[in-house]
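One structure is given here, and the rest of the page talks about it.
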Amino acid sequence: MFEKLFDVFSRREQKPSKVVVKPLTKEFRNRVLMLLHDTLQYQFYAFLGGLHQKAAYLYGTFGLSETSSHSSPEDDLLNFLDTCSDEHFLDMIELIFRSNLPGITWPDNPLIQGINDFLRIDALPYHLTGYSMEEIESSFHGTPAMSMRIAEFPQIIRKDSEVLHQSAMEPALTLLNAPEFKHANDEFLKALEDHRKRDHRDCLTKCGSAFESVMKVLCAKNSIPFRETDSASVLLKALLGNGQLDQFWEQPLILIATLRNRLSSSHGAGAQAKVISEHVATYTVNSTASAILLLCSEFG
């Protein structure tokens, strides 16, 4: 019942970072609430009441703000959103999308684009992902049918370079929202989360896994024979042998798998622990996003 409630931005095992992160602006907080109000209109306060209940469970307190004893749940939440830490405000953005938004359908939720626009306007170092969908088999009057359901709700992730984010990271995340890339999407989102919490070895592991998963999907879509146990090298050779990309692409693309094999947590460290710097992990996640886009453009 509460499993997904506690998987929010502030609780995803952040580790201290030397990087100074630009704080959320007052204007950004106001714009998010204004957009929510304009979208929900007369149902805005009723929605805040339900969101307050989720926040109370999340933080283990009846009142969220200093004025909670004199406020309604709705006003208590508004006061909290005005004064809480950046991490908790980002928590609440994620909880908005795990709540019942009256009159709004997923995955084409206009709030996602609006919030990302506000993050971009104030040059804030975050991005809100979309919904990740998956197909499930159901039955309608005894007839088998396929339907869609949410596999992953929108999450706040950190973005490190605006140019790279717009040209590689954001398009790759959008592409991976497709149902056939569910496993690759899960792995890549976890890689980004490991990067944010500075668990760089695991980040490299999951980047390699996401890259392999994408190649397996592309092989299947293009009727290219492969085995589920094939390594990244074998999968990449199979794809390049059946496409228009020149063979020299093999060397730069296979580097993602090489980094995983040499530096990640997928193999034992031996007598000496491997220490992976943040810039290596950053290079790996950006390279993975770019490689996914390249291969999907060629074989998708």
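Residues are named by chain letter and number: chains run A, B, ... in the order of the structure tokens, numbers start at 1 in each chain, and ligands are numbered from 1 in the order shown.
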*Using only C-alpha atoms, determine which residues lie at most 7 Å from segment 59-70 of chain A, disregarding the query and same-chain residues fewer than 3 positions distant; provide the list as a PyMOL selection string.*
chain A and resi 55-56+76-77+79-80
Atoms to include: C-alpha atoms. Write the selected residues as a PDB file, in the first residue's frame.
ATOM      1  CA  ALA A  55       2.572  13.975   2.662  1.00  0.00           C
ATOM      2  CA  ALA A  56       1.580  13.361   6.288  1.00  0.00           C
ATOM      3  CA  ASP A  76      -1.228  23.577   5.957  1.00  0.00           C
ATOM      4  CA  LEU A  77       0.029  22.008   2.719  1.00  0.00           C
ATOM      5  CA  ASN A  79       2.214  26.830   3.875  1.00  0.00           C
ATOM      6  CA  PHE A  80       4.499  23.797   3.800  1.00  0.00           C
TER       7      PHE A  80
END
*Would you please extract all alpha helix (DSSP H) residues from segment 41-81 of chain A, as assigned by DSSP on the backbone, and give them as JSON, numbers by chain?*
{"A": [44, 45, 46, 47, 48, 49, 50, 51, 52, 53, 54, 55, 56, 57, 58, 59, 73, 74, 75, 76, 77, 78, 79, 80, 81]}
*Would you kindly return, as a PyMOL selection string, each protein, DNA or RNA residue with an atom no farther than 12 Å from any atom of Asp7 of chain A, considering only C-alpha atoms and excluding same-chain residues fewer than 3 positions away?*
chain A and resi 2-4+10-13+58+91-92+94-95+98+152-156+193
_I'd like to know which residues of segment 48-263 of chain A are strand (DSSP E or B) (by DSSP, run on the backbone); could you write them as a list in words?_
Tyr126, His127, Leu128, Ser132, Met133, Glu134, Glu135, Ile136, Glu137, Ser138, Ser139, Phe140, Thr143, Pro144, Ala145, Met146, Ser147, Met148, Arg149, Ile150, Ala151, Glu152, Ile156, Ile157 and Arg158 of chain A
*Which distance in Å separates atom CA of Ala191 of chain A and atom CA of Arg158 of chain A, to one decimal?*
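About the pair atom CA of Ala191 of chain A and atom CA of Arg158 of chain A: they are 11.6 Å apart.
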*Using only C-alpha atoms, which of A:Gly49, A:Gly241, A:Gly208, A:Pro225 sits nearest Ala257 of chain A?*
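Ranking A:Gly49, A:Gly241, A:Gly208, A:Pro225 by distance to Ala257 of chain A, first place goes to A:Gly208.
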*Separation of atom CA of Val8 of chain A and atom CA of Lys197 of chain A, in Å?*
13.1 Å
*Could you tell me which of A:Tyr131, A:Phe188, A:Phe211, A:Phe89 comes closest to Asp108 of chain A if we count only C-alpha atoms?*
A:Tyr131
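The closest residue to Lys22 of chain A, picked from A:Asn116, A:Tyr126, A:Ser209, A:Asp82 and counting only C-alpha atoms, is A:Tyr126.
In this structure, atom CA of Leu124 of chain A sits 11.9 Å away from atom CA of Lys26 of chain A.
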